[in-house]
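data.cif, holding mmCIF, C-alpha atoms:
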data_run
#
loop_
_atom_site.group_PDB
_atom_site.id
_atom_site.type_symbol
_atom_site.label_atom_id
_atom_site.label_comp_id
_atom_site.auth_asym_id
_atom_site.auth_seq_id
_atom_site.Cartn_x
_atom_site.Cartn_y
_atom_site.Cartn_z
ATOM 1 C CA MET A 1 98.722 131.022 61.411
ATOM 2 C CA ASN A 2 99.072 129.625 64.890
ATOM 3 C CA GLN A 3 102.153 129.926 67.077
ATOM 4 C CA HIS A 4 103.307 126.323 66.574
ATOM 5 C CA SER A 5 103.491 126.658 62.807
ATOM 6 C CA THR A 6 105.383 129.968 63.158
ATOM 7 C CA PHE A 7 108.119 128.336 65.220
ATOM 8 C CA LYS A 8 108.212 125.429 62.780
ATOM 9 C CA TYR A 9 108.939 127.856 59.937
ATOM 10 C CA VAL A 10 111.556 129.656 62.053
ATOM 11 C CA PHE A 11 113.253 126.307 62.715
ATOM 12 C CA PHE A 12 113.445 125.372 59.036
ATOM 13 C CA ALA A 13 114.489 128.900 58.012
ATOM 14 C CA LEU A 14 117.403 128.758 60.466
ATOM 15 C CA ALA A 15 118.351 125.250 59.296
ATOM 16 C CA ALA A 16 118.363 126.513 55.701
ATOM 17 C CA LEU A 17 120.542 129.459 56.752
ATOM 18 C CA VAL A 18 123.037 127.070 58.405
ATOM 19 C CA LEU A 19 123.249 124.968 55.242
ATOM 20 C CA PHE A 20 123.550 128.085 53.083
ATOM 21 C CA LEU A 21 126.417 129.471 55.184
ATOM 22 C CA PHE A 22 128.213 126.138 55.356
ATOM 23 C CA PHE A 23 127.985 125.350 51.653
ATOM 24 C CA GLY A 24 128.857 128.969 50.806
ATOM 25 C CA LEU A 25 132.092 128.601 52.739
ATOM 26 C CA PHE A 26 132.817 125.192 51.231
ATOM 27 C CA TRP A 27 132.064 126.396 47.726
ATOM 28 C CA LYS A 28 134.304 129.449 48.131
ATOM 29 C CA ARG A 29 137.168 127.351 49.444
ATOM 30 C CA ALA A 30 136.756 124.784 46.653
ATOM 31 C CA ALA A 31 136.583 127.543 44.027
ATOM 32 C CA VAL A 32 139.767 129.177 45.338
ATOM 33 C CA ASN A 33 141.582 125.833 45.449
ATOM 34 C CA SER A 34 140.664 124.884 41.910
ATOM 35 C CA MET A 35 141.578 128.384 40.704
ATOM 36 C CA LEU A 36 145.011 128.168 42.342
ATOM 37 C CA LEU A 37 145.905 124.665 41.256
ATOM 38 C CA GLN A 38 143.903 124.127 38.064
ATOM 39 C CA SER A 39 143.819 120.367 38.627
ATOM 40 C CA PRO A 40 140.993 119.202 40.822
ATOM 41 C CA PRO A 41 140.884 117.077 42.878
ATOM 42 C CA SER A 42 143.995 118.546 44.460
ATOM 43 C CA PRO A 43 145.482 117.668 47.905
ATOM 44 C CA LEU A 44 144.073 120.977 49.166
ATOM 45 C CA MET A 45 140.617 119.896 48.035
ATOM 46 C CA ILE A 46 141.041 116.633 49.940
ATOM 47 C CA LYS A 47 142.207 118.603 52.996
ATOM 48 C CA THR A 48 139.178 120.846 52.685
ATOM 49 C CA THR A 49 136.888 117.851 52.500
ATOM 50 C CA ILE A 50 138.473 116.418 55.658
ATOM 51 C CA MET A 51 137.990 119.781 57.397
ATOM 52 C CA VAL A 52 134.299 119.595 56.543
ATOM 53 C CA LEU A 53 133.821 116.373 58.510
ATOM 54 C CA PRO A 54 133.913 117.894 62.062
ATOM 55 C CA VAL A 55 131.413 120.516 60.933
ATOM 56 C CA LEU A 56 129.164 117.771 59.585
ATOM 57 C CA ALA A 57 129.507 115.986 62.941
ATOM 58 C CA LEU A 58 128.362 119.196 64.661
ATOM 59 C CA PHE A 59 125.337 119.327 62.354
ATOM 60 C CA ILE A 60 124.458 115.742 63.211
ATOM 61 C CA ILE A 61 124.779 116.479 66.960
ATOM 62 C CA ALA A 62 122.537 119.549 66.568
ATOM 63 C CA ALA A 63 119.997 117.474 64.626
ATOM 64 C CA PHE A 64 119.967 114.831 67.383
ATOM 65 C CA ILE A 65 119.531 117.552 70.036
ATOM 66 C CA ALA A 66 116.636 119.072 68.068
ATOM 67 C CA ALA A 67 114.962 115.664 67.615
ATOM 68 C CA TYR A 68 115.363 114.779 71.302
ATOM 69 C CA VAL A 69 114.069 118.147 72.527
ATOM 70 C CA TYR A 70 111.157 118.026 70.067
ATOM 71 C CA GLN A 71 110.020 114.612 71.322
ATOM 72 C CA ASP A 72 110.652 115.461 74.968
ATOM 73 C CA ALA A 73 108.850 118.822 74.829
ATOM 74 C CA LYS A 74 105.891 117.196 73.081
ATOM 75 C CA LYS A 75 105.709 114.542 75.785
ATOM 76 C CA ARG A 76 105.764 117.205 78.488
ATOM 77 C CA GLY A 77 103.088 119.376 76.897
ATOM 78 C CA LEU A 78 105.496 122.198 75.916
ATOM 79 C CA ASP A 79 105.768 123.843 72.502
ATOM 80 C CA PRO A 80 108.035 121.372 70.630
ATOM 81 C CA TRP A 81 109.079 123.606 67.722
ATOM 82 C CA LEU A 82 109.969 126.562 69.965
ATOM 83 C CA TRP A 83 112.160 124.457 72.244
ATOM 84 C CA ALA A 84 113.731 122.464 69.397
ATOM 85 C CA THR A 85 114.665 125.784 67.743
ATOM 86 C CA VAL A 86 116.103 127.193 70.961
ATOM 87 C CA ALA A 87 118.022 124.004 71.836
ATOM 88 C CA ALA A 88 119.471 123.495 68.362
ATOM 89 C CA PHE A 89 120.338 127.086 67.407
ATOM 90 C CA VAL A 90 121.189 129.024 70.584
ATOM 91 C CA PRO A 91 124.971 128.652 70.519
ATOM 92 C CA TYR A 92 127.290 126.866 72.917
ATOM 93 C CA PHE A 93 124.567 124.431 74.126
ATOM 94 C CA ILE A 94 123.047 127.266 76.175
ATOM 95 C CA GLY A 95 119.607 126.672 74.634
ATOM 96 C CA LEU A 96 119.743 122.994 75.599
ATOM 97 C CA ILE A 97 120.804 123.866 79.165
ATOM 98 C CA ILE A 98 117.947 126.387 79.454
ATOM 99 C CA TYR A 99 115.513 123.765 78.183
ATOM 100 C CA LEU A 100 116.736 121.168 80.684
ATOM 101 C CA VAL A 101 116.207 123.665 83.498
ATOM 102 C CA MET A 102 112.891 125.085 82.279
ATOM 103 C CA ARG A 103 111.070 121.922 81.250
ATOM 104 C CA ARG A 104 108.282 120.671 83.425
ATOM 105 C CA SER A 105 108.119 117.211 84.866
ATOM 106 C CA ALA A 106 106.821 114.510 82.552
ATOM 107 C CA ARG A 107 104.922 112.905 85.397
ATOM 108 C CA ARG A 108 102.816 114.173 88.235
ATOM 109 C CA THR A 109 100.745 112.699 90.997
ATOM 110 C CA CYS A 110 97.020 112.839 91.508
ATOM 111 C CA SER A 111 96.156 115.196 94.369
ATOM 112 C CA LYS A 112 93.402 112.846 95.552
ATOM 113 C CA CYS A 113 94.747 109.278 95.293
ATOM 114 C CA GLY A 114 98.500 110.011 94.950
ATOM 115 C CA ARG A 115 99.021 107.732 91.910
ATOM 116 C CA ALA A 116 101.658 108.695 89.294
ATOM 117 C CA LEU A 117 100.075 110.105 86.121
ATOM 118 C CA GLN A 118 101.202 111.414 82.761
ATOM 119 C CA ILE A 119 101.395 115.178 82.411
ATOM 120 C CA ASP A 120 98.819 115.413 79.612
ATOM 121 C CA PHE A 121 96.057 113.530 81.476
ATOM 122 C CA SER A 122 93.053 115.753 82.091
ATOM 123 C CA ILE A 123 91.456 113.393 84.592
ATOM 124 C CA CYS A 124 92.871 110.757 86.942
ATOM 125 C CA PRO A 125 92.038 107.337 85.469
ATOM 126 C CA TYR A 126 92.162 105.733 88.937
ATOM 127 C CA CYS A 127 89.848 107.946 90.970
ATOM 128 C CA GLY A 128 88.245 110.303 88.443
ATOM 129 C CA GLU A 129 89.769 113.469 89.960
ATOM 130 C CA PRO A 130 89.855 116.307 87.399
ATOM 131 C CA LEU A 131 93.504 117.325 86.874
ATOM 132 C CA SER A 132 93.867 120.152 84.420
ATOM 133 C CA LEU A 133 91.469 122.818 85.536
ATOM 134 C CA LYS A 134 92.288 126.211 84.072
ATOM 135 C CA CYS A 135 91.007 129.703 84.666
ATOM 136 C CA ARG A 136 88.797 130.775 81.751
ATOM 137 C CA LYS A 137 90.121 134.331 81.875
ATOM 138 C CA CYS A 138 93.917 133.917 82.036
ATOM 139 C CA GLY A 139 94.489 130.192 81.444
ATOM 140 C CA GLU A 140 96.334 129.703 84.745
ATOM 141 C CA ALA A 141 96.189 126.157 86.164
ATOM 142 C CA VAL A 142 93.949 126.123 89.224
ATOM 143 C CA ALA A 143 92.959 123.554 91.839
ATOM 144 C CA PRO A 144 89.402 122.146 91.785
ATOM 145 C CA ASP A 145 88.574 123.531 95.236
ATOM 146 C CA TRP A 146 89.759 127.113 94.603
ATOM 147 C CA LYS A 147 87.079 129.775 94.404
ATOM 148 C CA VAL A 148 89.147 132.584 92.837
ATOM 149 C CA CYS A 149 92.036 132.546 90.371
ATOM 150 C CA PRO A 150 95.190 133.600 92.264
ATOM 151 C CA ARG A 151 96.612 135.233 89.152
ATOM 152 C CA CYS A 152 93.815 137.363 87.720
ATOM 153 C CA ALA A 153 91.306 137.267 90.624
ATOM 154 C CA ALA A 154 88.522 135.981 88.364
ATOM 155 C CA PRO A 155 85.881 133.816 90.066
ATOM 156 C CA LEU A 156 86.438 130.125 89.283
ATOM 157 C CA ASP A 157 82.883 128.838 88.982
ATOM 158 C CA HIS A 158 83.534 128.814 85.237
ATOM 159 C CA ALA A 159 86.793 126.874 85.516
ATOM 160 C CA GLU A 160 87.225 124.519 82.604
ATOM 161 C CA GLU A 161 89.173 121.385 81.922
ATOM 162 C CA MET B 1 106.038 161.808 97.014
ATOM 163 C CA ASP B 2 109.258 163.812 97.212
ATOM 164 C CA ASN B 3 112.396 163.187 95.186
ATOM 165 C CA HIS B 4 113.988 160.979 97.821
ATOM 166 C CA GLU B 5 110.942 158.712 98.071
ATOM 167 C CA LEU B 6 110.691 158.552 94.296
ATOM 168 C CA GLU B 7 114.351 157.555 94.063
ATOM 169 C CA GLN B 8 113.854 154.870 96.699
ATOM 170 C CA ALA B 9 110.776 153.538 94.915
ATOM 171 C CA LEU B 10 112.576 153.430 91.567
ATOM 172 C CA ARG B 11 115.594 151.726 93.130
ATOM 173 C CA ARG B 12 113.351 149.100 94.767
ATOM 174 C CA LEU B 13 111.518 148.561 91.486
ATOM 175 C CA ALA B 14 114.792 148.120 89.600
ATOM 176 C CA LEU B 15 116.077 145.621 92.170
ATOM 177 C CA GLU B 16 112.840 143.644 92.052
ATOM 178 C CA ARG B 17 112.973 143.490 88.281
ATOM 179 C CA VAL B 18 116.650 142.624 87.997
ATOM 180 C CA GLN B 19 117.003 140.191 90.878
ATOM 181 C CA PRO B 20 115.196 136.892 90.470
ATOM 182 C CA ALA B 21 113.003 135.735 93.297
ATOM 183 C CA PRO B 22 115.129 133.748 95.799
ATOM 184 C CA GLU B 23 112.948 130.649 95.604
ATOM 185 C CA LEU B 24 113.197 130.592 91.791
ATOM 186 C CA LEU B 25 116.963 130.982 92.008
ATOM 187 C CA ALA B 26 117.183 128.137 94.525
ATOM 188 C CA LYS B 27 115.004 125.883 92.391
ATOM 189 C CA THR B 28 116.999 126.695 89.260
ATOM 190 C CA LYS B 29 120.227 125.819 91.070
ATOM 191 C CA ALA B 30 118.636 122.606 92.365
ATOM 192 C CA ARG B 31 117.641 121.591 88.860
ATOM 193 C CA LEU B 32 121.106 122.377 87.536
ATOM 194 C CA ARG B 33 122.678 120.219 90.240
ATOM 195 C CA ARG B 34 120.217 117.353 89.826
ATOM 196 C CA ASN B 35 120.705 116.809 86.102
ATOM 197 C CA PRO B 36 123.796 114.615 85.528
ATOM 198 C CA PHE B 37 124.303 115.951 81.985
ATOM 199 C CA ILE B 38 124.715 119.596 83.017
ATOM 200 C CA PRO B 39 128.474 119.414 83.911
ATOM 201 C CA TRP B 40 129.194 117.718 80.564
ATOM 202 C CA LEU B 41 127.087 120.264 78.729
ATOM 203 C CA LEU B 42 128.942 123.102 80.453
ATOM 204 C CA LEU B 43 132.254 121.502 79.453
ATOM 205 C CA ALA B 44 131.041 121.111 75.869
ATOM 206 C CA SER B 45 129.876 124.715 75.975
ATOM 207 C CA LEU B 46 133.319 125.929 77.072
ATOM 208 C CA ALA B 47 135.023 123.774 74.425
ATOM 209 C CA SER B 48 132.748 125.097 71.687
ATOM 210 C CA GLN B 49 133.388 128.677 72.822
ATOM 211 C CA ALA B 50 137.136 128.095 72.513
ATOM 212 C CA ALA B 51 136.599 126.416 69.128
ATOM 213 C CA SER B 52 134.522 129.359 67.932
ATOM 214 C CA VAL B 53 137.363 131.764 68.828
ATOM 215 C CA ALA B 54 139.779 129.595 66.812
ATOM 216 C CA GLY B 55 137.226 129.346 63.985
ATOM 217 C CA GLY B 56 136.788 133.114 63.962
ATOM 218 C CA TYR B 57 140.551 133.625 63.681
ATOM 219 C CA TRP B 58 140.739 131.047 60.870
ATOM 220 C CA LEU B 59 137.861 132.658 58.990
ATOM 221 C CA LEU B 60 139.221 136.176 59.298
ATOM 222 C CA PHE B 61 142.946 135.639 58.767
ATOM 223 C CA VAL B 62 143.494 132.235 57.100
ATOM 224 C CA PHE B 63 140.476 131.517 54.926
ATOM 225 C CA PRO B 64 141.228 132.515 51.309
ATOM 226 C CA ALA B 65 138.406 134.910 50.506
ATOM 227 C CA GLY B 66 137.868 138.633 50.176
ATOM 228 C CA TRP B 67 136.677 140.862 53.031
ATOM 229 C CA LEU B 68 133.312 141.374 51.331
ATOM 230 C CA PHE B 69 132.625 137.627 51.329
ATOM 231 C CA LYS B 70 133.731 137.406 54.959
ATOM 232 C CA ALA B 71 131.528 140.344 55.946
ATOM 233 C CA PHE B 72 128.482 138.765 54.262
ATOM 234 C CA TRP B 73 129.235 135.412 55.828
ATOM 235 C CA LEU B 74 129.635 136.907 59.306
ATOM 236 C CA SER B 75 126.404 138.884 58.939
ATOM 237 C CA GLY B 76 124.644 135.597 58.075
ATOM 238 C CA LEU B 77 126.177 133.994 61.155
ATOM 239 C CA PHE B 78 125.066 136.970 63.252
ATOM 240 C CA ALA B 79 121.486 136.529 61.973
ATOM 241 C CA LEU B 80 121.680 132.823 62.768
ATOM 242 C CA VAL B 81 122.672 133.531 66.377
ATOM 243 C CA ALA B 82 120.494 136.609 66.897
ATOM 244 C CA LEU B 83 117.213 135.050 65.715
ATOM 245 C CA PRO B 84 116.997 132.206 68.257
ATOM 246 C CA LEU B 85 118.252 134.517 71.017
ATOM 247 C CA ALA B 86 115.510 137.002 70.121
ATOM 248 C CA LEU B 87 112.998 134.149 70.123
ATOM 249 C CA LEU B 88 114.160 133.113 73.571
ATOM 250 C CA ALA B 89 114.071 136.688 74.885
ATOM 251 C CA LEU B 90 110.546 137.188 73.525
ATOM 252 C CA GLU B 91 109.116 133.870 74.626
ATOM 253 C CA LEU B 92 110.799 133.070 77.917
ATOM 254 C CA PRO B 93 109.167 135.800 80.044
ATOM 255 C CA ASN B 94 105.709 134.664 78.871
ATOM 256 C CA ARG B 95 106.244 131.072 79.912
ATOM 257 C CA GLU B 96 105.137 129.819 83.263
ATOM 258 C CA TRP B 97 108.089 128.446 85.210
ATOM 259 C CA PRO B 98 107.071 124.777 85.353
ATOM 260 C CA LEU B 99 108.039 123.756 88.825
ATOM 261 C CA SER B 100 105.990 120.645 89.333
ATOM 262 C CA ARG B 101 109.143 118.662 90.089
ATOM 263 C CA ALA B 102 111.363 120.996 92.093
#

Would you mind writing the file out in structure tokens?
Amino acid sequence: MNQHSTFKYVFFALAALVLFLFFGLFWKRAAVNSMLLQSPPSPLMIKTTIMVLPVLALFIIAAFIAAYVYQDAKKRGLDPWLWATVAAFVPYFIGLIIYLVMRRSARRTCSKCGRALQIDFSICPYCGEPLSLKCRKCGEAVAPDWKVCPRCAAPLDHAEE
Amino acid sequence: MDNHELEQALRRLALERVQPAPELLAKTKARLRRNPFIPWLLLASLASQAASVAGGYWLLFVFPAGWLFKAFWLSGLFALVALPLALLALELPNREWPLSRA
């Protein structure tokens, strides 16, 4: 099982837990109301249903945040399920704020010709400059003219795209 | 290394681990200032914190259910909050700080 699928399962497990908690609360409230009044639908039931609406609005906002972060993280070459989980479930919008600070730029410039490029390009389409060289040992991004990886000190003659 | 030197070394190590590097702190602040949504998100965060306090009071003292139900429900809520925080704490230190823009 790779890491992406793990975070995907974590995301859906947490979403299921949210629904379980919410409907548990709603069910309990509805059960108590019908027990007290013996005539559903009672005004209290209607009141309960109205109280549910803001919570549903919160769910919809969280779903929009998760969808946005998923698409955005994918576009930027980050792990989409991890960041969607963090943004949607870390409370008080703190996960979303962390994501907005941590995310990498969606665009970058070619070091040779200076043209704007997408982040997931491995080679500049304008001048042919290789863009995403990585150290074979530690995976750190390295420049094409470096001889040694600055992170793990491995020689870079085996650098790969 | 005598005790004094060891203490100094440990203190320096603790400071280095606790305090973020100044350039990272500066870049984080720059990113926070640059994003126009951050003030609104912070406001929404404060509002939701206040709402959660009110919600907690309502659940504990108004909601018509037994303490056992409330305890189970709150433990579920705790799991819901703790799991993504644990995920963040486990994953964040392994991620490269992507600073291609700052």

- Item | Target residues per the PyMOL selection byres ((chain A) within 10 of (chain B)), formatted as a VMD selection string | chain A and resid 7 10 to 11 13 to 15 17 to 18 20 to 22 24 to 25 28 to 29 31 to 33 78 82 to 83 85 to 98 100 to 109 119 140

Could those selected residues go to a file with C-alpha atoms, as a PDB file, in the coordinates of the input?
ATOM      1  CA  PHE A   7     108.119 128.336  65.220  1.00  0.00           C
ATOM      2  CA  VAL A  10     111.556 129.656  62.053  1.00  0.00           C
ATOM      3  CA  PHE A  11     113.253 126.307  62.715  1.00  0.00           C
ATOM      4  CA  ALA A  13     114.489 128.900  58.012  1.00  0.00           C
ATOM      5  CA  LEU A  14     117.403 128.758  60.466  1.00  0.00           C
ATOM      6  CA  ALA A  15     118.351 125.250  59.296  1.00  0.00           C
ATOM      7  CA  LEU A  17     120.542 129.459  56.752  1.00  0.00           C
ATOM      8  CA  VAL A  18     123.037 127.070  58.405  1.00  0.00           C
ATOM      9  CA  PHE A  20     123.550 128.085  53.083  1.00  0.00           C
ATOM     10  CA  LEU A  21     126.417 129.471  55.184  1.00  0.00           C
ATOM     11  CA  PHE A  22     128.213 126.138  55.356  1.00  0.00           C
ATOM     12  CA  GLY A  24     128.857 128.969  50.806  1.00  0.00           C
ATOM     13  CA  LEU A  25     132.092 128.601  52.739  1.00  0.00           C
ATOM     14  CA  LYS A  28     134.304 129.449  48.131  1.00  0.00           C
ATOM     15  CA  ARG A  29     137.168 127.351  49.444  1.00  0.00           C
ATOM     16  CA  ALA A  31     136.583 127.543  44.027  1.00  0.00           C
ATOM     17  CA  VAL A  32     139.767 129.177  45.338  1.00  0.00           C
ATOM     18  CA  ASN A  33     141.582 125.833  45.449  1.00  0.00           C
ATOM     19  CA  LEU A  78     105.496 122.198  75.916  1.00  0.00           C
ATOM     20  CA  LEU A  82     109.969 126.562  69.965  1.00  0.00           C
ATOM     21  CA  TRP A  83     112.160 124.457  72.244  1.00  0.00           C
ATOM     22  CA  THR A  85     114.665 125.784  67.743  1.00  0.00           C
ATOM     23  CA  VAL A  86     116.103 127.193  70.961  1.00  0.00           C
ATOM     24  CA  ALA A  87     118.022 124.004  71.836  1.00  0.00           C
ATOM     25  CA  ALA A  88     119.471 123.495  68.362  1.00  0.00           C
ATOM     26  CA  PHE A  89     120.338 127.086  67.407  1.00  0.00           C
ATOM     27  CA  VAL A  90     121.189 129.024  70.584  1.00  0.00           C
ATOM     28  CA  PRO A  91     124.971 128.652  70.519  1.00  0.00           C
ATOM     29  CA  TYR A  92     127.290 126.866  72.917  1.00  0.00           C
ATOM     30  CA  PHE A  93     124.567 124.431  74.126  1.00  0.00           C
ATOM     31  CA  ILE A  94     123.047 127.266  76.175  1.00  0.00           C
ATOM     32  CA  GLY A  95     119.607 126.672  74.634  1.00  0.00           C
ATOM     33  CA  LEU A  96     119.743 122.994  75.599  1.00  0.00           C
ATOM     34  CA  ILE A  97     120.804 123.866  79.165  1.00  0.00           C
ATOM     35  CA  ILE A  98     117.947 126.387  79.454  1.00  0.00           C
ATOM     36  CA  LEU A 100     116.736 121.168  80.684  1.00  0.00           C
ATOM     37  CA  VAL A 101     116.207 123.665  83.498  1.00  0.00           C
ATOM     38  CA  MET A 102     112.891 125.085  82.279  1.00  0.00           C
ATOM     39  CA  ARG A 103     111.070 121.922  81.250  1.00  0.00           C
ATOM     40  CA  ARG A 104     108.282 120.671  83.425  1.00  0.00           C
ATOM     41  CA  SER A 105     108.119 117.211  84.866  1.00  0.00           C
ATOM     42  CA  ALA A 106     106.821 114.510  82.552  1.00  0.00           C
ATOM     43  CA  ARG A 107     104.922 112.905  85.397  1.00  0.00           C
ATOM     44  CA  ARG A 108     102.816 114.173  88.235  1.00  0.00           C
ATOM     45  CA  THR A 109     100.745 112.699  90.997  1.00  0.00           C
ATOM     46  CA  ILE A 119     101.395 115.178  82.411  1.00  0.00           C
ATOM     47  CA  GLU A 140      96.334 129.703  84.745  1.00  0.00           C
TER      48      GLU A 140
END

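Relative to CA of Lys74 (chain A), CA of Trp146 (chain A) is found at 28.7 Å.
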
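One distance worth recording is that between CA of Tyr68 (chain A) and CA of Ala141 (chain A), which is 26.8 Å.
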
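Between CA of Leu13 (chain B) and CA of Cys135 (chain A) there is a distance of 28.7 Å.
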
Hey, can I get the axis-aligned box for region 74-83 of chain B? All listed atoms, 8 Å padding on each side, centre and edge lengths in Å to one decimal, as JSON.
{"center_x": 123.4, "center_y": 135.9, "center_z": 62.5, "size_x": 28.4, "size_y": 22.1, "size_z": 24.8}

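For the structure in this document, the set picked by the PyMOL selection byres ((chain A and resi 138) around 9) is Lys134, Cys135, Arg136, Lys137, Gly139, Glu140, Cys149, Arg151, Cys152 and Ala154 of chain A.
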
- Task: Run the PyMOL selection byres ((chain A and resi 111) around 10) on the file and write out the hits as a list in words.
- Result: Arg108, Thr109, Cys110, Lys112, Cys113, Gly114, Arg115, Ala116, Cys124, Glu129, Pro130, Leu131 and Ala143 of chain A

- Please identify all polymer residues within 9 Å of Pro80 (chain A), counting all atoms listed in the file, omitting same-chain residues fewer than 6 positions from it, and present them as an MDAnalysis selection string. chainID A and resid 4 7:8 69:74
